[in-house]
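In what follows, a single structure is set out as structure tokens and then discussed.
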Amino acid sequence: MEQDKNNRGERLSVREKLGFGVFDLGGNMMFSVMGFWCLHYLTDIAGLTAALAGFALMIGKVWDAVTDPAMGLISDRTKTPLGRRRPYLLAGAIPMGLSFWFFFTVPNISSQAALAAWAALALILFNTFSTVLNVPYSSLTPELTADYHEQTSLNGFRFGFAVFGTIIGAAAIQPLAGLFSSPRQGYSMTGLILGGIVTVTSLLTFFGTKEKKPAGTDLPPEKFLKTYQAVFTNRPFIILVTTYMLHLTALTLLQGIIIYYTKYIYNNEAIATPAMALLLVVAMVFIPVSVLTAKKIGKRAVYQICFIILSIATVAIFFLGHALGIRFFFAVMVFAGIGVGFNYVAPFAMVPDTIAYDELRTGSRREGSYYGIWTFFSKIGSSLALLLSGLILQAGGYIADAVQSESALFAIRLIIGPVPAAIFICAAFLMRLYPLDEKACRKMAEEKILPSMSLRAASREVSGT
């Protein structure tokens with residue numbers, strides 16, 4: 001027990017935190033590109049209708065979501081000299097970069113049905129390798145440290161890199177693609193360059209971290225359904241992951257529609273990149289502020305603050321953005337950046353608390369299974385947002401690279417305003433039910449050294465039963 005405490009509760013060096021965090025420069029760069037540019041790429045570059053683009057994106061995301069829980073279970077049961085999680089960073093790094101390039105290389109296909117099929121297959125390939133990398137990577141967090149505040153600090157480093165990656169993904173597409181002779185060639189070469197960055201950052205994390213926990217020693221040989229039954233009966237986790245699903249649904253709606261908003265509301269496509277960059281630079285500044293604030297008022301409260309800020313920002317854009325012009329839009333981007341900065345660290349710093357709660361209940365650790373379900377819910381949220389965006393645009397009569405009708409312009413405003421605002425508000429209210437504050441987590445840590453009867457009592461207290 002003492003050895004386990006030393007391995008899991010020690011403070012991490014800055015080098016270890018940097019080694020862990022650098023992965024998300026590439027990981028969030030991919031997430032940013034897909035969030036901000038993917039729908040626009042499929043409609044305005046590849047030439048798909050908005051509805052077909054939305055369906056292709058949904059198919060890719062649903063596949064991605066389905067494979068995540070299986071990958072979590074596989075990584076939980078992996079036993080190698082390199083650990084349970086890191087081998088997948090090594091194996092998936094190069095295929096991930098190549099699949100990124102493949103998706104952004106449009107084939108010479110004229111049929112809408114065939115083009116949609118290609119897009120769906122390319123997204124399935126891309127998301128398969130994304131799963132191979134991201135689920136084991138996310139599962140590293142509780143294996144590096146069990147300290148309540150150290151987990152927050154570790155994820156602060158992670159999402160510091162994540163914001164840099166998000167800025168690259170949001171801001172690099174237009175200038176890089178513009179260096180080449182045609183938009184299609186520009187997107188293909190940009191996919192190759194950014195795919196290379198993903199490969200490098202994955203390998204840096206593989207070589208920069210070391211799993212300190214003996215591989216696969218805690219988890220009994222349970223069946224698939226029994227493992228996930230424990231996950232879905234973990235009340236704090238279900239509240240948190242449902243909130244995060246709503247969070248990503250709303251955020252994906254916002255990310256994907258910004259380019260349409262600037263291009264068709266302001267007739268100025270070029271301001272999309274600086275607007276995204278401004279949003280994310282402000283977010284980067286406020287990530288450390290959110291970490292410090294979480295230590296004062298708790299992770300749950302910080303997470304709720306982000307939802308409040310983002311709901312206000314989206315409502316302001318809907319009612320005033322088209323009337324007050326570009327300066328007002330940039331001002332709202334600054335305000336929204338504060339909310340985005342507050343949403344990076346809190347949820348990922350809370351997941352290890354829910355895993356510790358499960359260990360308290362069952363005596364087993366299932367990090368991979370939990371992060372598999374976590375990414376499953378998050379990708380379902382993203383897929384719903386992408387499908388919803390495509391359907392709303394199609395219903396409004398959107399036509400790529402054309403003068404838009406009033407109904408199409410209103411559809412764009414709906415996607416950037418009331419729809420995400422309502423979802424953010426629902427997420428804020430749901431987070432009020434989350435029970436694992438710092439006091440509860442300290443109690444769980446204390447109970448780990450007490451008899452099993454006391455453990456069960458603590459578990460019942462947290463679950464409210």
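In the structure tokens, chains take letters A, B, ... by order of appearance, with residues numbered from 1 within each chain and ligands from 1 in the order shown.
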
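Neighbouring residues of Ala120 in chain A at 10 Å or closer, counting only C-alpha atoms and skipping chain neighbours under 3 positions away, are Leu52, Ala53, Phe55, Ala56, Leu57, Met58, Ile59, Gly60, Lys61, Trp63, Phe103, Ala114, Leu115, Ala116, Ala117, Leu123, Ile124, Leu125 and Phe126 of chain A.
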
**Item:** Shell around Gln185 in chain A at 12 Å using only C-alpha atoms, local window under 3 positions removed, as JSON, numbers by chain
**Value:** {"A": [45, 46, 101, 104, 105, 106, 107, 176, 177, 178, 179, 180, 181, 182, 188, 189, 190, 191, 192]}

Would you mind exporting C-alpha atoms of the selected residues as a CSV table (one decimal), in the first residue's frame?
chain,number,residue,atom,x,y,z
A,45,ILE,CA,-14.3,22.7,-51.1
A,46,ALA,CA,-15.3,19.1,-51.6
A,101,TRP,CA,-3.8,13.8,-44.9
A,104,PHE,CA,-8.2,16.4,-46.7
A,105,THR,CA,-7.3,15.1,-50.2
A,106,VAL,CA,-10.5,15.3,-52.3
A,107,PRO,CA,-10.8,12.5,-54.9
A,176,LEU,CA,-1.5,27.5,-45.5
A,177,ALA,CA,-4.2,26.5,-48.1
A,178,GLY,CA,-3.8,29.9,-49.7
A,179,LEU,CA,-0.1,29.1,-50.5
A,180,PHE,CA,-1.1,26.6,-53.2
A,181,SER,CA,-2.6,27.0,-56.7
A,182,SER,CA,-6.1,25.7,-55.9
A,188,SER,CA,-4.4,18.4,-49.2
A,189,MET,CA,-1.0,19.9,-48.4
A,190,THR,CA,-2.3,21.5,-45.2
A,191,GLY,CA,-3.6,18.1,-44.2
A,192,LEU,CA,-0.1,16.6,-44.8

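Atom to atom, CA of Ile380 in chain A and CA of Gly156 in chain A stand 25.2 Å apart.
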
Distance table requested - range 72-190 of chain A against range 28-33 of chain A, cut-off 7 Å, only C-alpha atoms: one row per qualifying residue with the closest atom pair and its distance in Å to one decimal, ordered by chain and rising residue number, as JSON lines.
{"residue": "A:Ala162", "atom": "CA", "partner": "A:Asn28", "partner_atom": "CA", "distance": 5.2}
{"residue": "A:Gly165", "atom": "CA", "partner": "A:Met29", "partner_atom": "CA", "distance": 4.1}
{"residue": "A:Thr166", "atom": "CA", "partner": "A:Met29", "partner_atom": "CA", "distance": 4.7}
{"residue": "A:Ile168", "atom": "CA", "partner": "A:Met29", "partner_atom": "CA", "distance": 6.1}
{"residue": "A:Gly169", "atom": "CA", "partner": "A:Met29", "partner_atom": "CA", "distance": 4.5}
{"residue": "A:Ala170", "atom": "CA", "partner": "A:Ser32", "partner_atom": "CA", "distance": 5.9}

Residues of the last selection are to be written out with C-alpha atoms, as a compact mmCIF listing (two decimals), in the first residue's frame.
# COMPACT_ATOMS: atom_id res chain seq x y z
CA ALA A 162 -4.31 22.13 -26.20
CA GLY A 165 -2.99 23.28 -30.86
CA THR A 166 -6.49 24.70 -31.14
CA ILE A 168 -2.96 26.30 -34.95
CA GLY A 169 -5.93 24.27 -36.14
CA ALA A 170 -8.20 27.30 -36.30

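We find CA of Thr43 in chain A and CA of Gly339 in chain A to be spaced 29.1 Å apart.
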
**Prompt:** Closest to Leu89 in chain A among A:Pro420, A:Pro136, A:Pro69, A:Gly341, using only C-alpha atoms?
**Reply:**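 Nearest to Leu89 in chain A: A:Pro136.
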
**Item:** Polymer residues at most 9 Å from Val419 in chain A, only C-alpha atoms, same-chain spacing of 4 or more positions, as an MDAnalysis selection string
**Value:** chainID A and resid 250 253 314 414:415 423:424

**Request:** Please measure the separation of CA of Gly92 in chain A and CA of Val198 in chain A, giving the value in Å to one decimal.
**Result:**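 So the answer is 10.2 Å.
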
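Distance annotation: of A:Thr252, A:Thr80, A:Ser202, A:Thr242, the residue with the minimal separation from Leu430 in chain A is A:Thr242; atom set is only C-alpha atoms.
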
**Request:** Could you give me, as a PyMOL selection string, the residues within 10 Å of Leu39 in chain A, counting only C-alpha atoms and dropping anything in the same chain fewer than 2 positions from it?
**Result:** chain A and resi 33-37+41-46+48+50+53-54+56-57+255-257+259-260+386-387+389-390

**Item:** Of the listed residues A:Lys295, A:Arg235, A:Arg366, A:His247, that which approaches Phe429 in chain A most closely, counting only C-alpha atoms
**Value:**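 Of all the options, A:His247 lies closest to Phe429 in chain A.
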
**Request:** Name all residues at most 9 Å from Ile373 in chain A (count only C-alpha atoms; drop same-chain ones fewer than 6 positions away) and give them as a PyMOL selection string.
**Result:** chain A and resi 65+68-69+72+228+231+241

**Item:** Residues within 10 Å of Phe129 in chain A, only C-alpha atoms, excluding chain neighbours under 3 positions, as a ChimeraX atom specification
**Value:** /A:64,88,91-100,124-126,132-134

**Prompt:** Of the residues A:Thr128, A:Gln229, A:Ser139, A:Thr354, which is the one nearest to Tyr371 in chain A, using only C-alpha atoms?
**Reply:**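 For Tyr371 in chain A, the nearest of the candidates is A:Ser139.
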
**Item:** Residue contacts of Ile309 in chain A (12 Å, only C-alpha atoms) excluding same-chain residues fewer than 3 positions away, as a ChimeraX atom specification
**Value:** /A:302-306,312-316,332-343,421,424-425,428
